[in-house]
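Okay, data.tsv is below, TSV, C-alpha atoms and all ligand atoms:
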```
chain	number	residue	atom	x	y	z
T	1	MET	CA	10.40	-1.74	-12.28
T	2	THR	CA	13.37	-3.96	-12.95
T	3	GLU	CA	13.52	-7.26	-11.12
T	4	THR	CA	16.56	-7.87	-8.91
T	5	THR	CA	18.25	-11.22	-9.08
T	6	SER	CA	20.54	-10.70	-6.09
T	7	SER	CA	20.00	-9.12	-2.71
T	8	THR	CA	21.83	-5.98	-3.84
T	9	PRO	CA	19.40	-3.07	-3.90
T	10	SER	CA	19.00	-1.60	-7.37
T	11	THR	CA	18.60	1.85	-5.84
T	12	HIS	CA	21.43	4.23	-5.02
T	13	HIS	CA	19.83	6.16	-2.19
T	14	THR	CA	20.07	5.48	1.51
T	15	ARG	CA	16.48	4.50	2.27
T	16	LEU	CA	15.82	1.12	3.88
T	17	THR	CA	15.03	-1.43	1.18
T	18	ARG	CA	13.37	-4.82	1.48
T	19	LYS	CA	12.36	-7.63	-0.84
T	20	ILE	CA	8.89	-8.07	-2.27
T	21	GLY	CA	8.75	-11.04	-4.65
T	22	PRO	CA	11.47	-10.52	-7.28
T	23	TYR	CA	11.90	-6.82	-6.44
T	24	THR	CA	13.99	-4.91	-3.92
T	25	THR	CA	12.38	-1.60	-3.06
T	26	THR	CA	11.88	0.86	-0.23
T	27	ALA	CA	10.15	-0.54	2.84
T	28	ILE	CA	8.23	2.73	3.14
T	29	GLY	CA	6.01	3.45	0.15
T	30	LEU	CA	3.69	6.34	-0.61
T	31	GLY	CA	0.00	5.47	-0.39
T	32	GLY	CA	-1.72	7.40	-3.18
T	33	MET	CA	-5.37	7.19	-2.09
T	34	GLY	CA	-5.59	10.55	-0.28
T	35	LEU	CA	-4.35	12.35	-3.40
T	36	SER	CA	-7.41	11.26	-5.39
T	37	ILE	CA	-10.43	10.84	-3.11
T	38	GLU	CA	-12.48	13.19	-0.90
T	39	LYS	CA	-10.40	16.16	0.34
T	40	LYS	CA	-7.79	15.56	-2.37
T	41	PRO	CA	-5.34	18.42	-2.94
T	42	SER	CA	-5.00	20.21	-6.29
T	43	ARG	CA	-3.39	18.20	-9.10
T	44	GLU	CA	-0.32	20.44	-8.89
T	45	VAL	CA	0.15	19.74	-5.16
T	46	ALA	CA	-0.54	16.03	-5.67
T	47	ILE	CA	2.16	15.75	-8.36
T	48	GLN	CA	4.56	17.69	-6.11
T	49	VAL	CA	3.90	15.29	-3.20
T	50	ILE	CA	4.79	12.31	-5.42
T	51	HIS	CA	7.88	14.06	-6.83
T	52	ASP	CA	9.07	15.05	-3.36
T	53	ALA	CA	8.64	11.47	-2.11
T	54	LEU	CA	10.60	10.11	-5.11
T	55	ASP	CA	13.32	12.76	-4.70
T	56	ALA	CA	13.66	11.68	-1.06
T	57	GLY	CA	14.38	8.13	-2.26
T	58	CYS	CA	10.94	6.53	-2.03
T	59	ARG	CA	10.71	3.82	-4.71
T	60	HIS	CA	7.33	2.26	-3.92
T	61	LEU	CA	4.02	3.82	-4.99
T	62	ASP	CA	0.68	2.26	-4.09
T	63	THR	CA	-2.46	3.00	-6.08
T	64	ALA	CA	-5.75	1.35	-7.13
T	65	TRP	CA	-8.29	1.41	-9.95
T	66	ALA	CA	-10.78	2.67	-7.34
T	67	TYR	CA	-8.94	5.78	-6.11
T	68	TYR	CA	-11.23	8.50	-7.53
T	69	MET	CA	-14.18	10.41	-6.16
T	70	SER	CA	-16.68	11.24	-8.86
T	71	GLY	CA	-18.18	9.62	-11.93
T	72	GLY	CA	-15.98	10.18	-14.97
T	73	GLU	CA	-12.82	10.36	-12.83
T	74	GLU	CA	-12.29	6.58	-12.71
T	75	GLN	CA	-8.62	5.59	-12.21
T	76	HIS	CA	-7.75	9.17	-11.19
T	77	ASN	CA	-4.86	8.05	-9.00
T	78	GLU	CA	-3.36	5.65	-11.53
T	79	LYS	CA	-3.35	8.45	-14.13
T	80	LEU	CA	-1.88	10.87	-11.57
T	81	ILE	CA	0.96	8.47	-10.80
T	82	ARG	CA	1.65	7.99	-14.48
T	83	GLU	CA	1.82	11.77	-14.97
T	84	ALA	CA	4.07	12.16	-11.93
T	85	LEU	CA	6.47	9.50	-13.24
T	86	ASP	CA	6.40	10.93	-16.77
T	87	THR	CA	7.37	14.36	-15.46
T	88	TRP	CA	9.96	13.12	-12.93
T	89	HIS	CA	13.59	13.25	-14.00
T	90	GLY	CA	14.87	10.47	-11.72
T	91	PRO	CA	15.38	6.74	-12.43
T	92	LYS	CA	11.82	5.63	-13.20
T	93	ASP	CA	12.79	1.98	-13.69
T	94	GLU	CA	13.66	1.78	-9.99
T	95	VAL	CA	10.09	2.60	-8.94
T	96	LEU	CA	7.70	-0.21	-7.99
T	97	VAL	CA	4.13	0.74	-8.85
T	98	ALA	CA	1.52	-1.47	-7.25
T	99	THR	CA	-2.17	-1.24	-8.07
T	100	LYS	CA	-5.37	-3.11	-7.21
T	101	SER	CA	-8.39	-4.60	-8.99
T	102	GLY	CA	-11.87	-5.31	-7.70
T	103	HIS	CA	-13.06	-2.11	-6.02
T	104	PHE	CA	-15.01	0.80	-7.50
T	105	ARG	CA	-16.97	3.80	-6.19
T	106	ASN	CA	-20.76	3.97	-6.20
T	107	PHE	CA	-22.56	7.30	-6.53
T	108	THR	CA	-26.14	6.13	-6.17
T	109	ASP	CA	-26.96	8.57	-3.34
T	110	GLY	CA	-24.85	11.37	-4.72
T	111	VAL	CA	-22.04	10.63	-2.24
T	112	PRO	CA	-19.23	8.29	-3.20
T	113	THR	CA	-19.26	4.95	-1.35
T	114	TRP	CA	-17.00	1.94	-1.86
T	115	ASP	CA	-18.28	-1.15	-3.66
T	116	VAL	CA	-16.68	-4.41	-4.82
T	117	ASN	CA	-16.82	-6.59	-7.89
T	118	GLY	CA	-14.72	-9.72	-7.60
T	119	ALA	CA	-16.16	-11.55	-10.61
T	120	PRO	CA	-13.20	-12.95	-12.60
T	121	GLU	CA	-14.22	-11.23	-15.84
T	122	ALA	CA	-14.53	-7.87	-14.02
T	123	LEU	CA	-11.10	-8.32	-12.40
T	124	ILE	CA	-9.56	-9.10	-15.79
T	125	GLN	CA	-11.14	-6.00	-17.29
T	126	TYR	CA	-10.05	-3.75	-14.38
T	127	GLY	CA	-6.52	-5.17	-14.51
T	128	LYS	CA	-6.15	-4.45	-18.22
T	129	GLN	CA	-7.51	-0.92	-17.73
T	130	SER	CA	-5.00	-0.37	-14.90
T	131	ALA	CA	-2.08	-1.35	-17.15
T	132	GLN	CA	-3.40	1.06	-19.77
T	133	ALA	CA	-3.86	3.96	-17.34
T	134	LEU	CA	-0.39	3.40	-15.86
T	135	GLY	CA	1.05	3.25	-19.37
T	136	VAL	CA	2.80	-0.09	-18.85
T	137	GLU	CA	2.76	-3.36	-20.71
T	138	ALA	CA	2.84	-5.31	-17.46
T	139	ILE	CA	1.96	-4.09	-13.97
T	140	ASP	CA	4.77	-4.65	-11.42
T	141	LEU	CA	2.42	-5.82	-8.67
T	142	LEU	CA	-1.36	-6.18	-8.97
T	143	TYR	CA	-3.45	-6.89	-5.87
T	144	PHE	CA	-6.93	-8.37	-5.64
T	145	HIS	CA	-8.31	-5.40	-3.69
T	146	ARG	CA	-10.97	-6.90	-1.43
T	147	PRO	CA	-12.94	-10.17	-1.20
T	148	ASP	CA	-16.39	-9.94	-2.78
T	149	PRO	CA	-18.97	-11.73	-0.60
T	150	LYS	CA	-20.98	-12.53	-3.76
T	151	VAL	CA	-18.10	-14.42	-5.42
T	152	PRO	CA	-16.28	-17.49	-4.03
T	153	TYR	CA	-12.72	-16.42	-3.18
T	154	ASN	CA	-11.10	-19.05	-5.39
T	155	GLU	CA	-13.03	-17.78	-8.43
T	156	SER	CA	-11.72	-14.23	-7.93
T	157	ILE	CA	-8.19	-15.56	-7.54
T	158	GLU	CA	-8.57	-17.57	-10.77
T	159	GLY	CA	-9.33	-14.24	-12.45
T	160	MET	CA	-6.12	-12.76	-11.03
T	161	LYS	CA	-4.25	-15.83	-12.31
T	162	VAL	CA	-5.46	-15.12	-15.84
T	163	LEU	CA	-3.95	-11.62	-15.55
T	164	TYR	CA	-0.65	-13.17	-14.42
T	165	ASP	CA	-0.68	-15.88	-17.11
T	166	GLU	CA	-1.47	-13.34	-19.83
T	167	GLY	CA	1.41	-11.10	-18.66
T	168	VAL	CA	-0.80	-8.19	-17.60
T	169	ALA	CA	0.76	-8.41	-14.12
T	170	LYS	CA	4.32	-9.50	-13.28
T	171	THR	CA	3.39	-10.46	-9.72
T	172	ILE	CA	0.16	-10.77	-7.74
T	173	GLY	CA	-0.85	-9.63	-4.27
T	174	ILE	CA	-4.00	-9.99	-2.23
T	175	SER	CA	-5.48	-7.37	0.08
T	176	ASN	CA	-7.86	-7.51	3.04
T	177	ALA	CA	-7.20	-11.24	3.24
T	178	SER	CA	-7.52	-13.73	6.11
T	179	VAL	CA	-5.18	-16.64	6.84
T	180	GLU	CA	-7.64	-18.97	5.07
T	181	GLN	CA	-7.76	-16.72	2.01
T	182	ILE	CA	-3.96	-16.55	1.89
T	183	ASP	CA	-3.97	-20.37	1.70
T	184	ILE	CA	-6.53	-20.37	-1.14
T	185	ALA	CA	-4.58	-17.74	-3.07
T	186	ARG	CA	-1.29	-19.60	-2.63
T	187	SER	CA	-2.80	-22.87	-3.79
T	188	ILE	CA	-3.92	-21.22	-7.05
T	189	LEU	CA	-1.16	-18.68	-7.67
T	190	GLY	CA	1.91	-20.46	-6.26
T	191	ASP	CA	5.00	-18.26	-6.43
T	192	ALA	CA	3.15	-15.59	-8.43
T	193	LEU	CA	1.67	-14.49	-5.07
T	194	VAL	CA	4.23	-12.20	-3.41
T	195	ALA	CA	2.41	-9.89	-1.00
T	196	VAL	CA	-0.51	-9.48	1.37
T	197	GLN	CA	-1.70	-5.90	1.94
T	198	ASN	CA	-3.75	-5.64	5.12
T	199	GLN	CA	-4.77	-2.89	7.52
T	200	LEU	CA	-2.44	-2.53	10.51
T	201	SER	CA	-1.91	0.32	12.97
T	202	PRO	CA	-1.96	1.05	16.71
T	203	ILE	CA	-5.79	1.25	16.46
T	204	TYR	CA	-6.17	-1.82	14.22
T	205	THR	CA	-4.32	-4.99	15.19
T	206	ASP	CA	-6.81	-7.69	14.08
T	207	SER	CA	-4.43	-8.50	11.22
T	208	LEU	CA	-1.54	-9.58	13.47
T	209	ASP	CA	-2.28	-13.24	12.69
T	210	THR	CA	-1.59	-12.51	9.01
T	211	VAL	CA	1.61	-10.61	9.95
T	212	GLU	CA	2.85	-13.85	11.53
T	213	TYR	CA	1.50	-16.09	8.78
T	214	THR	CA	3.08	-14.11	5.92
T	215	LYS	CA	6.40	-14.16	7.78
T	216	LYS	CA	6.20	-17.95	8.04
T	217	LEU	CA	5.40	-18.30	4.34
T	218	GLY	CA	8.05	-15.84	3.12
T	219	LEU	CA	5.46	-13.39	1.74
T	220	THR	CA	5.72	-9.62	2.20
T	221	PHE	CA	3.17	-8.00	4.52
T	222	VAL	CA	2.29	-4.49	3.36
T	223	SER	CA	0.49	-2.38	5.95
T	224	TRP	CA	-2.34	-0.07	4.77
T	225	SER	CA	-3.51	2.94	6.77
T	226	PRO	CA	-0.37	2.26	8.85
T	227	LEU	CA	-0.95	5.41	10.91
T	228	GLY	CA	-4.63	4.71	11.53
T	229	GLY	CA	-6.07	6.56	8.53
T	230	PHE	CA	-7.04	10.20	8.20
T	231	ARG	CA	-10.18	10.08	10.34
T	232	LYS	CA	-9.90	10.91	14.05
T	233	PRO	CA	-9.70	7.61	15.97
T	234	LYS	CA	-12.29	6.66	18.61
T	235	ASP	CA	-9.58	5.85	21.13
T	236	GLU	CA	-6.65	8.22	20.78
T	237	SER	CA	-5.03	6.87	23.96
T	238	LYS	CA	-3.69	3.95	21.87
T	239	TYR	CA	-1.12	6.45	20.56
T	240	ASP	CA	0.11	7.50	24.02
T	241	PRO	CA	3.05	5.06	24.24
T	242	PHE	CA	4.09	6.04	20.70
T	243	LYS	CA	4.06	9.70	21.75
T	244	GLU	CA	6.15	8.87	24.80
T	245	VAL	CA	8.81	7.08	22.73
T	246	ALA	CA	8.68	9.87	20.11
T	247	ALA	CA	9.38	12.54	22.74
T	248	HIS	CA	12.43	10.55	23.86
T	249	HIS	CA	13.82	10.44	20.30
T	250	GLY	CA	12.71	13.97	19.35
T	251	VAL	CA	10.70	12.71	16.33
T	252	SER	CA	7.02	12.63	15.36
T	253	TYR	CA	4.93	9.82	16.87
T	254	GLN	CA	4.01	8.85	13.30
T	255	GLN	CA	7.65	7.89	12.71
T	256	VAL	CA	7.54	5.70	15.83
T	257	VAL	CA	4.36	3.99	14.58
T	258	LEU	CA	5.95	3.18	11.21
T	259	ALA	CA	9.24	2.05	12.80
T	260	TRP	CA	7.29	-0.24	15.16
T	261	GLU	CA	5.50	-1.88	12.23
T	262	LEU	CA	8.74	-2.28	10.26
T	263	ALA	CA	10.34	-3.88	13.34
T	264	MET	CA	7.78	-6.72	13.23
T	265	GLY	CA	9.99	-8.50	10.70
T	266	ASP	CA	12.08	-8.14	7.57
T	267	HIS	CA	8.98	-9.00	5.57
T	268	MET	CA	7.19	-5.79	6.65
T	269	MET	CA	6.50	-2.76	4.44
T	270	VAL	CA	4.30	0.27	5.21
T	271	LEU	CA	2.30	2.65	3.02
T	272	PRO	CA	1.71	5.97	4.78
T	273	GLY	CA	-0.63	8.33	2.94
T	274	ALA	CA	-0.20	12.10	2.65
T	275	HIS	CA	-1.95	15.17	1.34
T	276	ARG	CA	1.17	17.28	1.78
T	277	SER	CA	4.89	16.86	1.10
T	278	GLU	CA	5.75	17.58	4.76
T	279	THR	CA	3.94	14.50	6.03
T	280	ILE	CA	5.36	11.99	3.54
T	281	LEU	CA	8.87	13.42	3.95
T	282	ASP	CA	8.58	13.00	7.71
T	283	SER	CA	7.15	9.46	7.34
T	284	LEU	CA	9.99	8.38	5.04
T	285	ARG	CA	12.48	9.21	7.78
T	286	ALA	CA	10.96	6.49	9.98
T	287	ASP	CA	13.46	4.11	8.37
T	288	GLU	CA	16.27	5.94	10.19
T	289	LEU	CA	14.69	5.39	13.61
T	290	VAL	CA	16.04	2.48	15.64
T	291	LEU	CA	13.81	1.33	18.49
T	292	SER	CA	15.26	-0.56	21.45
T	293	GLN	CA	13.76	-3.90	22.50
T	294	GLU	CA	12.51	-2.18	25.65
T	295	GLU	CA	10.67	0.41	23.55
T	296	ILE	CA	9.19	-2.26	21.27
T	297	ASP	CA	7.96	-4.17	24.34
T	298	LEU	CA	6.29	-1.00	25.61
T	299	LEU	CA	4.61	-0.39	22.21
T	300	ASN	CA	3.45	-4.01	21.97
T	301	ARG	CA	1.56	-3.82	25.27
U	1	LIG	N1	-5.80	-2.14	0.44
U	1	LIG	C1	-6.75	-1.42	0.93
U	1	LIG	O1	-7.92	-1.84	1.02
U	1	LIG	C2	-6.44	-0.03	1.40
U	1	LIG	C3	-7.40	0.68	2.16
U	1	LIG	C4	-7.05	1.96	2.60
U	1	LIG	C5	-5.79	2.48	2.32
U	1	LIG	N2	-4.90	1.76	1.55
U	1	LIG	C6	-3.55	2.28	1.24
U	1	LIG	O2	-2.93	2.79	2.42
U	1	LIG	C7	-2.50	4.11	2.17
U	1	LIG	C8	-2.45	4.93	3.44
U	1	LIG	O3	-3.70	4.94	4.06
U	1	LIG	P1	-4.37	6.27	4.63
U	1	LIG	O4	-3.92	7.43	3.85
U	1	LIG	O5	-5.80	5.94	4.81
U	1	LIG	O6	-3.87	6.34	6.11
U	1	LIG	P2	-2.55	6.66	6.95
U	1	LIG	O7	-1.34	6.58	6.13
U	1	LIG	O8	-2.66	5.80	8.14
U	1	LIG	O9	-2.82	8.15	7.40
U	1	LIG	C9	-2.77	9.23	6.55
U	1	LIG	C10	-2.92	10.47	7.41
U	1	LIG	O10	-1.80	10.56	8.27
U	1	LIG	C11	-1.24	11.83	8.15
U	1	LIG	N3	0.24	11.65	8.18
U	1	LIG	C12	0.97	10.85	7.38
U	1	LIG	N4	2.27	10.91	7.72
U	1	LIG	C13	2.35	11.79	8.75
U	1	LIG	C14	3.42	12.30	9.53
U	1	LIG	N5	4.67	11.86	9.32
U	1	LIG	N6	3.14	13.19	10.50
U	1	LIG	C15	1.87	13.61	10.72
U	1	LIG	N7	0.81	13.16	10.02
U	1	LIG	C16	1.05	12.27	9.04
U	1	LIG	C17	-1.64	12.39	6.83
U	1	LIG	O11	-1.65	13.78	7.00
U	1	LIG	P3	-1.89	14.89	5.86
U	1	LIG	O12	-3.29	14.65	5.42
U	1	LIG	O13	-1.73	16.17	6.61
U	1	LIG	O14	-0.87	14.70	4.82
U	1	LIG	C18	-2.99	11.74	6.62
U	1	LIG	O15	-4.01	12.54	7.16
U	1	LIG	C19	-3.51	4.62	1.12
U	1	LIG	O16	-3.05	5.75	0.45
U	1	LIG	C20	-3.62	3.43	0.24
U	1	LIG	O17	-2.54	3.38	-0.66
U	1	LIG	C21	-5.21	0.52	1.11
```
Can you dump the structure from the file as C-alpha cells?
Amino acid sequence: MTETTSSTPSTHHTRLTRKIGPYTTTAIGLGGMGLSIEKKPSREVAIQVIHDALDAGCRHLDTAWAYYMSGGEEQHNEKLIREALDTWHGPKDEVLVATKSGHFRNFTDGVPTWDVNGAPEALIQYGKQSAQALGVEAIDLLYFHRPDPKVPYNESIEGMKVLYDEGVAKTIGISNASVEQIDIARSILGDALVAVQNQLSPIYTDSLDTVEYTKKLGLTFVSWSPLGGFRKPKDESKYDPFKEVAAHHGVSYQQVVLAWELAMGDHMMVLPGAHRSETILDSLRADELVLSQEEIDLLNR
C-alpha cells in the first residue's frame, strides 16, 4: 500500500478511514483467519468474500503465516489473499495487507493446535516467507503474533527489528501484548511500531488497559475477534444491551458491537471475520452507525 503523507485519505470510497502509522485505511478490516482454518469455505467462496469486501470499499486485510489447517498448507491465507488481490480489478495499491510472524499449527495428535516460536531467527524466517507468499518486496505491516514464554520478549522484538531494518516490513505491530510489552517493543522499535492488535469484544474486555495506553501513545489499537469469535460464548447475556440498541436502529447487533469499539477513540480499528459475503458486508456498514452518548454509556456498563 502507498503511504499517505497528509491526512487526506488515498481511497475514493465512502468508508470510514483512520490512520495506522504512515497509512490511512479503512477502520474496518477483513479478518482472514476463518477463510483458511477449520470450517473454511471453498477457495472459490473465500476469494469471493475478499472481492466483495474490497468492492464494498474495505481496504484493510488481516492475515498471518499461521492461518492454515493441515500440514503442507502453511501460509494458506497469505496465498489466498495474494490470489484475491491478483484477480481483483480495483486499486490494489490502496489495500493495506497486514500479516503476522511467530505462530504455527501443530499436528502432533492429528488435530491442528496453535503453537508459538518467538526465537528471533524463526521470526526472521517466517517474515521473509510471508513477504514471498504475499508476493511483495516489503510487507505493509508485520505483527509479532504472540509472546513466546520460552523467549524473552525483547529478544523476539529484536528479531522483528531486523525485519524492519532489512526492509522486509515497512512497519511493525505487536499482538497479544500487555502494557509492559508495549513499552519494551517501543523502546526497541521506536516509531517503527505503529499498532497493537489485541482481543476485544463484549465478552473479552481484559485488554481495555491497552486500549487506553495505545491511545495515550498515539498507536493504533486493532481489535481481533471483535465480535467474540465464531464459538458460542459462555455468557450470551453480555450481548443483550447490544441487541437492544440494534433493535432501536434496525441493524444487526454485530454492527452495534463494532461501532461501540470504534467509538472508543480515533485510534481504534476492528477486524471482523467472515465465512460468507453477507456477514462481512453487514459488518462493514458498522461505520455508518452513529451511537449516542447515552447508548455508549449503556453498552459500557
Ligand atoms: N492476533 C491474533 O492473535 C488473532 C487471534 C484471532 C483472530 N485474529 C484476527 O481477528 C479476525 C476476526 O476474528 P474471528 O473471525 O475469530 O472472530 P469475529 O470476527 O469476532 O467473529 C467471526 C464470526 O462472526 C460472524 N459474523 C461476522 N460479522 C457478522 C455480522 N455482521 N452478522 C452476523 N454474524 C457475523 C461470522 O459469521 P459467518 O461465519 O457466518 O461469516 C463469524 O462466525 C481473524 O480473522 C483474524 O484476522 C487475530
Between chain T and ligand LIG 1 (chain U), at 8 Å or less, what are the per-residue closest atom pairs and their distances in Å? Count only C-alpha atoms and all ligand atoms, order by chain and rising residue number, and return it as CSV.
```
residue,atom,partner,partner_atom,distance
T:Leu30,CA,U:LIG1,O16,6.8
T:Gly31,CA,U:LIG1,O16,3.2
T:Gly32,CA,U:LIG1,O16,4.2
T:Met33,CA,U:LIG1,O16,3.7
T:Gly34,CA,U:LIG1,O4,5.4
T:Leu35,CA,U:LIG1,O16,7.8
T:Leu61,CA,U:LIG1,O17,7.9
T:Asp62,CA,U:LIG1,O17,4.8
T:Thr63,CA,U:LIG1,O17,5.4
T:Ala64,CA,U:LIG1,O17,7.5
T:Lys100,CA,U:LIG1,N1,7.7
T:His145,CA,U:LIG1,N1,5.8
T:Arg146,CA,U:LIG1,O1,6.4
T:Ser175,CA,U:LIG1,N1,5.3
T:Asn176,CA,U:LIG1,O1,6.0
T:Gln197,CA,U:LIG1,N1,5.8
T:Asn198,CA,U:LIG1,N1,6.2
T:Gln199,CA,U:LIG1,C3,7.0
T:Ser201,CA,U:LIG1,O8,7.3
T:Ser223,CA,U:LIG1,O2,7.1
T:Trp224,CA,U:LIG1,O2,3.7
T:Ser225,CA,U:LIG1,O8,3.3
T:Pro226,CA,U:LIG1,O8,4.3
T:Leu227,CA,U:LIG1,O8,3.3
T:Gly228,CA,U:LIG1,O8,4.1
T:Gly229,CA,U:LIG1,O6,3.3
T:Phe230,CA,U:LIG1,O15,4.0
T:Arg231,CA,U:LIG1,O15,7.4
T:Ser252,CA,U:LIG1,N6,6.2
T:Tyr253,CA,U:LIG1,N6,7.4
T:Gln254,CA,U:LIG1,N5,5.0
T:Gln255,CA,U:LIG1,N5,6.0
T:Leu271,CA,U:LIG1,C7,5.1
T:Pro272,CA,U:LIG1,O7,3.4
T:Gly273,CA,U:LIG1,O4,3.5
T:Ala274,CA,U:LIG1,O14,3.5
T:His275,CA,U:LIG1,O14,3.7
T:Arg276,CA,U:LIG1,O14,4.5
T:Ser277,CA,U:LIG1,O14,7.2
T:Glu278,CA,U:LIG1,O14,7.2
T:Thr279,CA,U:LIG1,C13,4.2
T:Ile280,CA,U:LIG1,N4,5.3
T:Leu281,CA,U:LIG1,N5,7.0
T:Asp282,CA,U:LIG1,N5,4.4
T:Ser283,CA,U:LIG1,N5,4.0
T:Leu284,CA,U:LIG1,N5,7.7
```
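Taking atom CA of Trp65 of chain T and atom CA of Val168 of chain T as endpoints, the distance between them is 14.4 Å.
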* Atomic separation - atom CA of Lys39 of chain T relative to atom CA of Lys79 of chain T, Å ->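 Rounded to one decimal, the two atoms are 17.8 Å apart.
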* Write out as a PyMOL selection string each polymer residue whose atoms come within 9 Å of segment 108-115 of chain T, counting only C-alpha atoms; drop sequence neighbours fewer than 6 positions from it. => chain T and resi 38+66+69-71+102
* **Contact residues around segment 234-240 of chain T with only C-alpha atoms at 8 Å, ignoring same-chain residues under 3 positions, as JSON, numbers by chain** => {"T": [202, 203, 243, 244, 253]}
Those residues with C-alpha atoms, as a PDB file, in the frame of the given file please?
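Final file, part_6.pdb:
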```pdb
ATOM      1  CA  PRO T 202      -1.960   1.050  16.710  1.00  0.00           C
ATOM      2  CA  ILE T 203      -5.790   1.250  16.460  1.00  0.00           C
ATOM      3  CA  LYS T 243       4.060   9.700  21.750  1.00  0.00           C
ATOM      4  CA  GLU T 244       6.150   8.870  24.800  1.00  0.00           C
ATOM      5  CA  TYR T 253       4.930   9.820  16.870  1.00  0.00           C
TER       6      TYR T 253
END
```
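Pairwise distance (atom CA of Val270 of chain T, atom CA of Ile28 of chain T) equals 5.1 Å.
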So that I can see what lies close to Leu193 of chain T, please list as a short mmCIF file (atom, residue, chain, number, x, y, z; two decimals) with C-alpha atoms, in the coordinates of the input the residues with an atom at most 10 Å from it, counting all atoms listed in the file and leaving out residues fewer than 6 positions away in the same chain.
```cif
data_model
loop_
_atom_site.label_atom_id
_atom_site.label_comp_id
_atom_site.auth_asym_id
_atom_site.auth_seq_id
_atom_site.Cartn_x
_atom_site.Cartn_y
_atom_site.Cartn_z
CA GLY T 21 8.75 -11.04 -4.65
CA LEU T 141 2.42 -5.82 -8.67
CA LEU T 142 -1.36 -6.18 -8.97
CA TYR T 143 -3.45 -6.89 -5.87
CA MET T 160 -6.12 -12.76 -11.03
CA LYS T 161 -4.25 -15.83 -12.31
CA TYR T 164 -0.65 -13.17 -14.42
CA LYS T 170 4.32 -9.50 -13.28
CA THR T 171 3.39 -10.46 -9.72
CA ILE T 172 0.16 -10.77 -7.74
CA GLY T 173 -0.85 -9.63 -4.27
CA ILE T 174 -4.00 -9.99 -2.23
CA ILE T 182 -3.96 -16.55 1.89
CA ALA T 185 -4.58 -17.74 -3.07
CA ARG T 186 -1.29 -19.60 -2.63
CA SER T 187 -2.80 -22.87 -3.79
CA LEU T 219 5.46 -13.39 1.74
CA THR T 220 5.72 -9.62 2.20
#
```
* Of the candidates T:Met268, T:Ile188, T:Ala169, T:Ala246, which shows the shortest atom-to-atom distance to Glu155 of chain T, using all atoms listed in the file? ->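 Answer, going by the shortest atom-to-atom distance: T:Ile188.
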* Have a look at T:Val162, T:Val245, T:Ile20, T:Ala119 and name the one nearest to Val97 of chain T; count all atoms listed in the file. => T:Ile20
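Shortest atom-to-atom contact with Ala46 of chain T among T:Val136, T:Met269, T:Ala131, T:Ile81: T:Ile81, counting all atoms listed in the file.
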* For Ala56 of chain T, the nearest of the candidates T:Gly190, T:Asp287, T:Ile139, T:Arg15, counting all atoms listed in the file ->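 Among the listed residues, T:Arg15 lies closest to Ala56 of chain T.
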* To do: Give as an MDAnalysis selection string every residue, naming chains and numbers as the document does, that has an atom within 9 Å of (11.6, -4.2, -7.3), counting all atoms listed in the file.
  => chainID T and resid 1:4 9:10 18:26 59:60 93:96 140
Could the residues in this selection be written to a file with C-alpha atoms, as a compact mmCIF listing (two decimals), in the coordinates of the input?
```txt
# COMPACT_ATOMS: atom_id res chain seq x y z
CA MET T 1 10.40 -1.74 -12.28
CA THR T 2 13.37 -3.96 -12.95
CA GLU T 3 13.52 -7.26 -11.12
CA THR T 4 16.56 -7.87 -8.91
CA PRO T 9 19.40 -3.07 -3.90
CA SER T 10 19.00 -1.60 -7.37
CA ARG T 18 13.37 -4.82 1.48
CA LYS T 19 12.36 -7.63 -0.84
CA ILE T 20 8.89 -8.07 -2.27
CA GLY T 21 8.75 -11.04 -4.65
CA PRO T 22 11.47 -10.52 -7.28
CA TYR T 23 11.90 -6.82 -6.44
CA THR T 24 13.99 -4.91 -3.92
CA THR T 25 12.38 -1.60 -3.06
CA THR T 26 11.88 0.86 -0.23
CA ARG T 59 10.71 3.82 -4.71
CA HIS T 60 7.33 2.26 -3.92
CA ASP T 93 12.79 1.98 -13.69
CA GLU T 94 13.66 1.78 -9.99
CA VAL T 95 10.09 2.60 -8.94
CA LEU T 96 7.70 -0.21 -7.99
CA ASP T 140 4.77 -4.65 -11.42
```
* Asked: Between T:Pro120, T:Arg301, T:Ala98, T:Leu134, which one has atoms that come closest to Ala84 of chain T, using all atoms listed in the file?
  ->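 Closest to Ala84 of chain T, using all atoms listed in the file: T:Leu134.
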* To do: Measuring atom to atom with only C-alpha atoms, identify which of T:Ala133, T:Ile124, T:Leu54, T:Ala259 is nearest to Gln75 of chain T.
  =>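 Among the listed residues, the smallest separation from Gln75 of chain T belongs to T:Ala133.
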